[in-house]
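Taking it in order: structure first as structure tokens, then the write-up.
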Amino acid sequence: MEDIQALLEKKGVRPSLHRMKILDYLVTLRNHPTADMIYNDISPDIPTLSKTTVYNTLKLFAECGVVQAITIEDNEVRYDATMEIHAHFKCTLCGGIHDIPVREGVLSIKSAQGHKIIESQLNCKGICRDCLKK
Ligand SMILES: [Zn+2]
Ligand SMILES: [Zn+2]
């Protein structure tokens with residue numbers, strides 16, 4: 001938990017108990033959860049935690065660069081504590097989202113055509129290792 005506190009302080013976020021629990025979950029599991037998944041998993045241990053707090057905390061984390069928000073599906077935001085550039089792979093059978101390393105420069109674009117790019121994501125879909133074995 002000490003690393004979690006340091007990580008938040010480095011990004012200028014006050015490390016409250018709720019914030020530390022949410023970031024600890026993201027950093028430990030690295031499972032690209034939705035806000036609801038986080039709430040359902042950790043709220044039994046933290047009775048004072050509300051769904052609104054989880055949503056607001058994730059929004060703050062994304063704004064402060066603690067986590068990144070990823071949208072592989074239009075109707076679903078997921079959160080990722082891995083900030084290095086990487087691609088995502090979503091399994092169409094089990095719905096699991098996995099990190100895919102990218103070679104440096106793969107996500108770089110030849111020309112932005114005068115537009116200012118603020119973020120870019122590379123998402124792949126397919127059948128994951130585990131599902132292929134079944
Ligand atoms: Zn799968
Ligand atoms: Zn990721």
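In the structure tokens, chains take letters A, B, ... by order of appearance, with residues numbered from 1 within each chain and ligands from 1 in the order shown.
Taking only C-alpha atoms and all ligand atoms into account, ligand 1 has within 8 Å the residues Lys90, Cys91, Thr92, Leu93, Cys94, Gly95, Gly96, Ile127, Cys128, Arg129, Asp130, Cys131 and Leu132 of chain A.
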Let me see if you get this right: every residue at most 12 Å from ligand 2, counting only C-alpha atoms and all ligand atoms, written as a VMD selection string.
chain A and resid 26 to 27 29 to 33 67 to 72 78 to 90 96 to 102 121 to 124
Do you know which residues are at most 8 Å from Leu58 of chain A counting only C-alpha atoms, after dropping those on the same chain fewer than 2 positions away, and could you put them as a compact mmCIF listing (two decimals) with N, CA, C and O atoms, in the first residue's frame?
```txt
# COMPACT_ATOMS: atom_id res chain seq x y z
N ALA A 35 -15.93 0.46 -13.92
CA ALA A 35 -16.18 1.03 -12.59
C ALA A 35 -17.06 0.08 -11.77
O ALA A 35 -16.83 -0.11 -10.57
N VAL A 54 -16.59 5.66 -6.55
CA VAL A 54 -15.75 4.89 -7.48
C VAL A 54 -15.68 5.61 -8.83
O VAL A 54 -14.60 5.81 -9.39
N TYR A 55 -16.83 6.05 -9.34
CA TYR A 55 -16.87 6.76 -10.63
C TYR A 55 -16.04 8.04 -10.58
O TYR A 55 -15.23 8.30 -11.46
N ASN A 56 -16.25 8.84 -9.52
CA ASN A 56 -15.53 10.11 -9.41
C ASN A 56 -14.03 9.90 -9.25
O ASN A 56 -13.23 10.66 -9.79
N LEU A 60 -11.07 11.21 -11.74
CA LEU A 60 -9.94 12.00 -11.23
C LEU A 60 -8.61 11.33 -11.61
O LEU A 60 -7.68 11.98 -12.08
N PHE A 61 -8.53 10.01 -11.41
CA PHE A 61 -7.31 9.27 -11.74
C PHE A 61 -6.94 9.46 -13.21
O PHE A 61 -5.78 9.67 -13.55
N ALA A 62 -7.95 9.37 -14.07
CA ALA A 62 -7.69 9.49 -15.52
C ALA A 62 -7.22 10.91 -15.84
O ALA A 62 -6.29 11.10 -16.63
N VAL A 67 -4.25 6.61 -14.09
CA VAL A 67 -4.69 5.46 -14.90
C VAL A 67 -5.12 6.01 -16.26
O VAL A 67 -5.27 7.21 -16.44
N TYR A 79 -10.67 0.70 -17.13
CA TYR A 79 -9.56 1.46 -16.56
C TYR A 79 -8.32 0.60 -16.45
O TYR A 79 -8.38 -0.60 -16.16
```
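Atom CA of Ser16 of chain A is positioned 16.5 Å from atom CA of Ile38 of chain A.
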Determine which residues of chain A receive a DSSP assignment of strand (DSSP E), computed from the backbone, and state them as a PyMOL selection string.
chain A and resi 68-73+76-80+87-91+97-100+123-126
Got a sec: who's within 9 Å of segment 2-10 of chain A, counting only C-alpha atoms, leaving out chain neighbours fewer than 3 positions off, as a VMD selection string?
chain A and resid 13 to 16 19 to 21 23 to 24 27 61 66
Which residues, written as a PyMOL selection string, have at least one atom at most 9 Å from His18 of chain A, with only C-alpha atoms counted and residues fewer than 6 positions away on the same chain left out?
chain A and resi 46+48-49+53-54+57
Quick one: distance from atom CA of Cys64 of chain A to atom CA of Ile42 of chain A in Å, one decimal?
22.3 Å
Coordinates-based distance that separates atom CA of Ser111 of chain A from atom CA of Asp74 of chain A (Å, one decimal):
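Atom-to-atom, atom CA of Asp74 of chain A to atom CA of Ser111 of chain A, that is 25.8 Å.
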